[in-house]
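Peer 1: Sending over a structure as structure tokens; questions will come in a sec.
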Amino acid sequence: MGKTECKGRGEMMSGVIVVGAGGHAKVCIESMRAMGESVAFCVGDFGSEGFCAGVPILAGDEQLARLRHEGYARAFIAIGSNRLRERLAEFAVRAGYEIVSAIHPNAAISPSARLGAGVAIMAGVVINAEVSIGSLAIVNTSSSIDHDCKIGTAVHVGPQCGLAGNVSVGDRSFLGIGSRVIPEIAIGADVTVGAGSVVISDIKDNERVVGVPARPFTR
């Protein structure tokens, strides 16, 4: 494996290139298929081989430039790590790709919500009125984001989280599975909220919190 069919330089190839070949990529590929998209290849780490959700895997980031040369022009970044997802998106854009989104048709998204590029919105998600979701954010399975929330770039809202109205979440922050956030809370950038936590007060940048109510995590 490793060779792709080239239709001639400059001719557009229709399939999406997925950067990533793990479990998160599998879910995103299935979301894109449910949208009616086709996925041509996954680009994985060195040593990656075989298939991801039936999609052939090509190993090594250099494959992105080669595939772009062959005419593929759309990419989706299917990486769970917020910082790495952001860096790989920048790399793909420099290589000439348009970053596309994976939004499952079974997500309920308000028509007044604003979504950035490259977002992953999983099945069962509810996004209510006037919510803003930054580029490269992940809103994972069955999470709920209520009115007027602002979710930053490359944030990951884990499965079954619940955010009440007017919550803000800074860039690259992570909310673990089952987290809850009461109204009007401001969560800073690069924050980690532990699974099952209940956030009832603002959180500064770079903090790690856990518990009910959520408090700074110390070893």
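In the structure tokens, the first chain shown is A, the next is B, and so on; residue numbers restart at 1 for each chain, and ligands run from 1 in the order shown.
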Mind checking which residues fall within 12 Å of A:Ile151, counting only C-alpha atoms, ignoring those fewer than 5 positions away in the same chain, and posting them as number ranges by chain?
Peer 2: A: 113-116, 119, 127, 130-139, 145-146, 156-157, 163, 165-175, 185-189
Peer 1: Write out the residues from the selection above, keeping C-alpha atoms, as a PDB file, in the first residue's frame.
Peer 2:
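Output file again_24.pdb follows:
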```
ATOM      1  CA  ALA A 113     -25.375  28.576  16.184  1.00  0.00           C
ATOM      2  CA  ARG A 114     -22.048  29.489  14.565  1.00  0.00           C
ATOM      3  CA  LEU A 115     -19.565  26.701  13.826  1.00  0.00           C
ATOM      4  CA  GLY A 116     -15.932  27.154  12.842  1.00  0.00           C
ATOM      5  CA  VAL A 119     -15.260  20.818  13.965  1.00  0.00           C
ATOM      6  CA  ILE A 127     -26.285  22.812  20.458  1.00  0.00           C
ATOM      7  CA  GLU A 130     -26.595  31.596  19.587  1.00  0.00           C
ATOM      8  CA  VAL A 131     -23.842  29.172  20.568  1.00  0.00           C
ATOM      9  CA  SER A 132     -20.411  29.776  19.034  1.00  0.00           C
ATOM     10  CA  ILE A 133     -18.153  26.764  18.419  1.00  0.00           C
ATOM     11  CA  GLY A 134     -14.552  27.571  17.479  1.00  0.00           C
ATOM     12  CA  SER A 135     -12.636  25.898  14.682  1.00  0.00           C
ATOM     13  CA  LEU A 136     -11.251  22.402  15.359  1.00  0.00           C
ATOM     14  CA  ALA A 137     -13.463  21.910  18.420  1.00  0.00           C
ATOM     15  CA  ILE A 138     -14.826  18.478  19.313  1.00  0.00           C
ATOM     16  CA  VAL A 139     -18.291  18.191  20.848  1.00  0.00           C
ATOM     17  CA  ILE A 145     -24.384  23.049  24.999  1.00  0.00           C
ATOM     18  CA  ASP A 146     -27.044  25.564  25.943  1.00  0.00           C
ATOM     19  CA  HIS A 156     -12.769  19.092  23.417  1.00  0.00           C
ATOM     20  CA  VAL A 157     -16.112  18.738  25.169  1.00  0.00           C
ATOM     21  CA  LEU A 163     -23.012  23.159  29.669  1.00  0.00           C
ATOM     22  CA  GLY A 165     -26.295  28.943  29.268  1.00  0.00           C
ATOM     23  CA  ASN A 166     -23.658  31.665  28.814  1.00  0.00           C
ATOM     24  CA  VAL A 167     -20.665  29.451  29.571  1.00  0.00           C
ATOM     25  CA  SER A 168     -17.359  30.271  27.885  1.00  0.00           C
ATOM     26  CA  VAL A 169     -14.542  27.765  27.355  1.00  0.00           C
ATOM     27  CA  GLY A 170     -11.083  28.971  26.304  1.00  0.00           C
ATOM     28  CA  ASP A 171      -8.922  27.582  23.520  1.00  0.00           C
ATOM     29  CA  ARG A 172      -7.626  23.994  23.793  1.00  0.00           C
ATOM     30  CA  SER A 173      -9.446  23.239  27.033  1.00  0.00           C
ATOM     31  CA  PHE A 174     -10.719  19.729  27.732  1.00  0.00           C
ATOM     32  CA  LEU A 175     -13.909  18.811  29.600  1.00  0.00           C
ATOM     33  CA  ILE A 185     -19.094  30.315  34.126  1.00  0.00           C
ATOM     34  CA  ALA A 186     -15.860  31.315  32.380  1.00  0.00           C
ATOM     35  CA  ILE A 187     -13.358  28.494  31.826  1.00  0.00           C
ATOM     36  CA  GLY A 188      -9.929  29.669  30.677  1.00  0.00           C
ATOM     37  CA  ALA A 189      -7.595  28.378  27.975  1.00  0.00           C
TER      38      ALA A 189
END
```
Peer 1: Could you give me, as a ChimeraX atom specification, the residues within 7 Å of A:Ser143, counting only C-alpha atoms and dropping anything in the same chain fewer than 4 positions from it?
Peer 2: /A:125-126,139,159-162
Peer 1: Store the residues of this selection in a file with C-alpha atoms, as a PDB file, in the first residue's frame.
Peer 2:
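Final output, again_13.pdb:
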```pdb
ATOM      1  CA  VAL A 125     -25.231  16.358  20.545  1.00  0.00           C
ATOM      2  CA  VAL A 126     -27.555  19.302  21.234  1.00  0.00           C
ATOM      3  CA  VAL A 139     -18.291  18.191  20.848  1.00  0.00           C
ATOM      4  CA  PRO A 159     -19.133  12.668  25.858  1.00  0.00           C
ATOM      5  CA  GLN A 160     -22.282  13.410  27.868  1.00  0.00           C
ATOM      6  CA  CYS A 161     -21.123  16.788  29.140  1.00  0.00           C
ATOM      7  CA  GLY A 162     -23.715  19.435  29.959  1.00  0.00           C
TER       8      GLY A 162
END
```
Peer 1: So which residues of stretch 68-215 of chain A fall under strand (DSSP E) by DSSP, listed as a ChimeraX atom specification?
Peer 2: /A:74-77,98-99,102-103,108-109,114-115,120-121,126-127,132-133,138-139,144-145,150-151,156-157,162-163,168-169,174-175,180-181,186-187,192-193,198-199,208-210,215
Peer 1: Can you list, as a ChimeraX atom specification, every protein, DNA or RNA residue that comes within 9 Å of A:Ala65 when you count only C-alpha atoms, leaving out same-chain residues fewer than 3 positions away?
Peer 2: /A:61-62,68-70,92,95-96
Peer 1: Write out the residues from the selection above, keeping N, CA and C atoms, as a PDB file, in the first residue's frame.
Peer 2:
```
ATOM      1  N   ASP A  61       3.469  11.911   7.938  1.00  0.00           N
ATOM      2  CA  ASP A  61       2.873  13.203   7.604  1.00  0.00           C
ATOM      3  C   ASP A  61       3.249  13.674   6.198  1.00  0.00           C
ATOM      4  N   GLU A  62       4.357  13.177   5.654  1.00  0.00           N
ATOM      5  CA  GLU A  62       4.747  13.594   4.299  1.00  0.00           C
ATOM      6  C   GLU A  62       3.725  13.169   3.252  1.00  0.00           C
ATOM      7  N   ARG A  68      -1.837  16.039  -1.694  1.00  0.00           N
ATOM      8  CA  ARG A  68      -2.247  17.355  -2.211  1.00  0.00           C
ATOM      9  C   ARG A  68      -1.766  17.522  -3.646  1.00  0.00           C
ATOM     10  N   HIS A  69      -0.537  17.083  -3.938  1.00  0.00           N
ATOM     11  CA  HIS A  69       0.013  17.160  -5.290  1.00  0.00           C
ATOM     12  C   HIS A  69      -0.831  16.336  -6.263  1.00  0.00           C
ATOM     13  N   GLU A  70      -1.408  15.256  -5.768  1.00  0.00           N
ATOM     14  CA  GLU A  70      -2.222  14.397  -6.619  1.00  0.00           C
ATOM     15  C   GLU A  70      -3.632  14.931  -6.829  1.00  0.00           C
ATOM     16  N   ALA A  92      -1.660  21.314   7.579  1.00  0.00           N
ATOM     17  CA  ALA A  92      -2.480  20.974   6.414  1.00  0.00           C
ATOM     18  C   ALA A  92      -2.867  22.217   5.622  1.00  0.00           C
ATOM     19  N   ALA A  95      -0.108  23.313   3.536  1.00  0.00           N
ATOM     20  CA  ALA A  95       0.052  22.418   2.384  1.00  0.00           C
ATOM     21  C   ALA A  95      -1.014  22.652   1.315  1.00  0.00           C
ATOM     22  N   GLY A  96      -1.992  23.515   1.615  1.00  0.00           N
ATOM     23  CA  GLY A  96      -2.983  23.871   0.615  1.00  0.00           C
ATOM     24  C   GLY A  96      -4.339  23.223   0.769  1.00  0.00           C
TER      25      GLY A  96
END
```
Peer 1: To test your reading of the structure, identify every residue in stretch 27-181 of chain A that backbone DSSP assigns to helix (DSSP H, G or I), and report it as number ranges by chain.
Peer 2: A: 27-35, 62-69, 82-94
Peer 1: So that I have them on file, write out the residues from the current selection with C-alpha atoms, as a compact mmCIF listing (two decimals), in the first residue's frame.
Peer 2:
```txt
# COMPACT_ATOMS: atom_id res chain seq x y z
CA VAL A 27 -16.11 7.86 14.75
CA CYS A 28 -15.43 10.92 12.60
CA ILE A 29 -15.25 8.83 9.42
CA GLU A 30 -18.64 7.34 10.20
CA SER A 31 -20.03 10.83 10.84
CA MET A 32 -18.72 12.01 7.47
CA ARG A 33 -20.20 9.01 5.71
CA ALA A 34 -23.55 9.78 7.35
CA MET A 35 -23.21 13.30 5.88
CA GLU A 62 4.75 13.59 4.30
CA GLN A 63 1.82 11.78 2.69
CA LEU A 64 -0.22 14.97 3.05
CA ALA A 65 1.97 16.88 0.59
CA ARG A 66 1.96 13.98 -1.86
CA LEU A 67 -1.81 13.61 -1.74
CA ARG A 68 -2.25 17.36 -2.21
CA HIS A 69 0.01 17.16 -5.29
CA ASN A 82 -6.10 19.52 21.32
CA ARG A 83 -2.64 21.00 20.80
CA LEU A 84 -1.64 18.40 18.23
CA ARG A 85 -4.92 18.80 16.36
CA GLU A 86 -4.29 22.55 16.15
CA ARG A 87 -0.70 22.08 14.91
CA LEU A 88 -1.67 19.50 12.28
CA ALA A 89 -4.45 21.73 11.00
CA GLU A 90 -1.94 24.55 10.53
CA PHE A 91 0.35 22.12 8.70
CA ALA A 92 -2.48 20.97 6.41
CA VAL A 93 -3.52 24.54 5.62
CA ARG A 94 0.06 25.44 4.70
```
Peer 1: Residues at most 12 Å from A:Gly50, counting only C-alpha atoms, excluding those fewer than 4 positions away in the same chain, as JSON, numbers by chain?
Peer 2: {"A": [1, 2, 21, 22, 41, 42, 43, 44, 54, 55, 56, 57, 58, 59]}
Peer 1: With only C-alpha atoms as the counted atoms, please give the residues lying no more than 8 Å from A:Glu207, apart from itself and same-chain residues fewer than 4 positions off, as a PDB file with N, CA and C atoms, in the first residue's frame.
Peer 2:
```
ATOM      1  N   ASP A 190      -6.582  26.169  27.882  1.00  0.00           N
ATOM      2  CA  ASP A 190      -5.690  25.079  28.284  1.00  0.00           C
ATOM      3  C   ASP A 190      -6.028  24.515  29.660  1.00  0.00           C
ATOM      4  N   VAL A 191      -7.303  24.472  29.956  1.00  0.00           N
ATOM      5  CA  VAL A 191      -7.812  23.923  31.218  1.00  0.00           C
ATOM      6  C   VAL A 191      -8.169  22.456  31.007  1.00  0.00           C
ATOM      7  N   THR A 192      -7.990  21.645  32.045  1.00  0.00           N
ATOM      8  CA  THR A 192      -8.477  20.265  32.052  1.00  0.00           C
ATOM      9  C   THR A 192      -9.486  20.109  33.176  1.00  0.00           C
ATOM     10  N   ILE A 203     -12.710  29.276  36.154  1.00  0.00           N
ATOM     11  CA  ILE A 203     -11.429  28.562  36.175  1.00  0.00           C
ATOM     12  C   ILE A 203     -10.420  29.347  35.353  1.00  0.00           C
ATOM     13  N   PRO A 216      -9.122  22.710  42.221  1.00  0.00           N
ATOM     14  CA  PRO A 216      -7.812  22.431  41.620  1.00  0.00           C
ATOM     15  C   PRO A 216      -7.282  21.073  42.028  1.00  0.00           C
TER      16      PRO A 216
END
```
Peer 1: Just to confirm, what's the straight-line distance from atom CA of A:Lys26 to atom CA of A:Cys52 in Å (one decimal)?
Peer 2: 6.2 Å
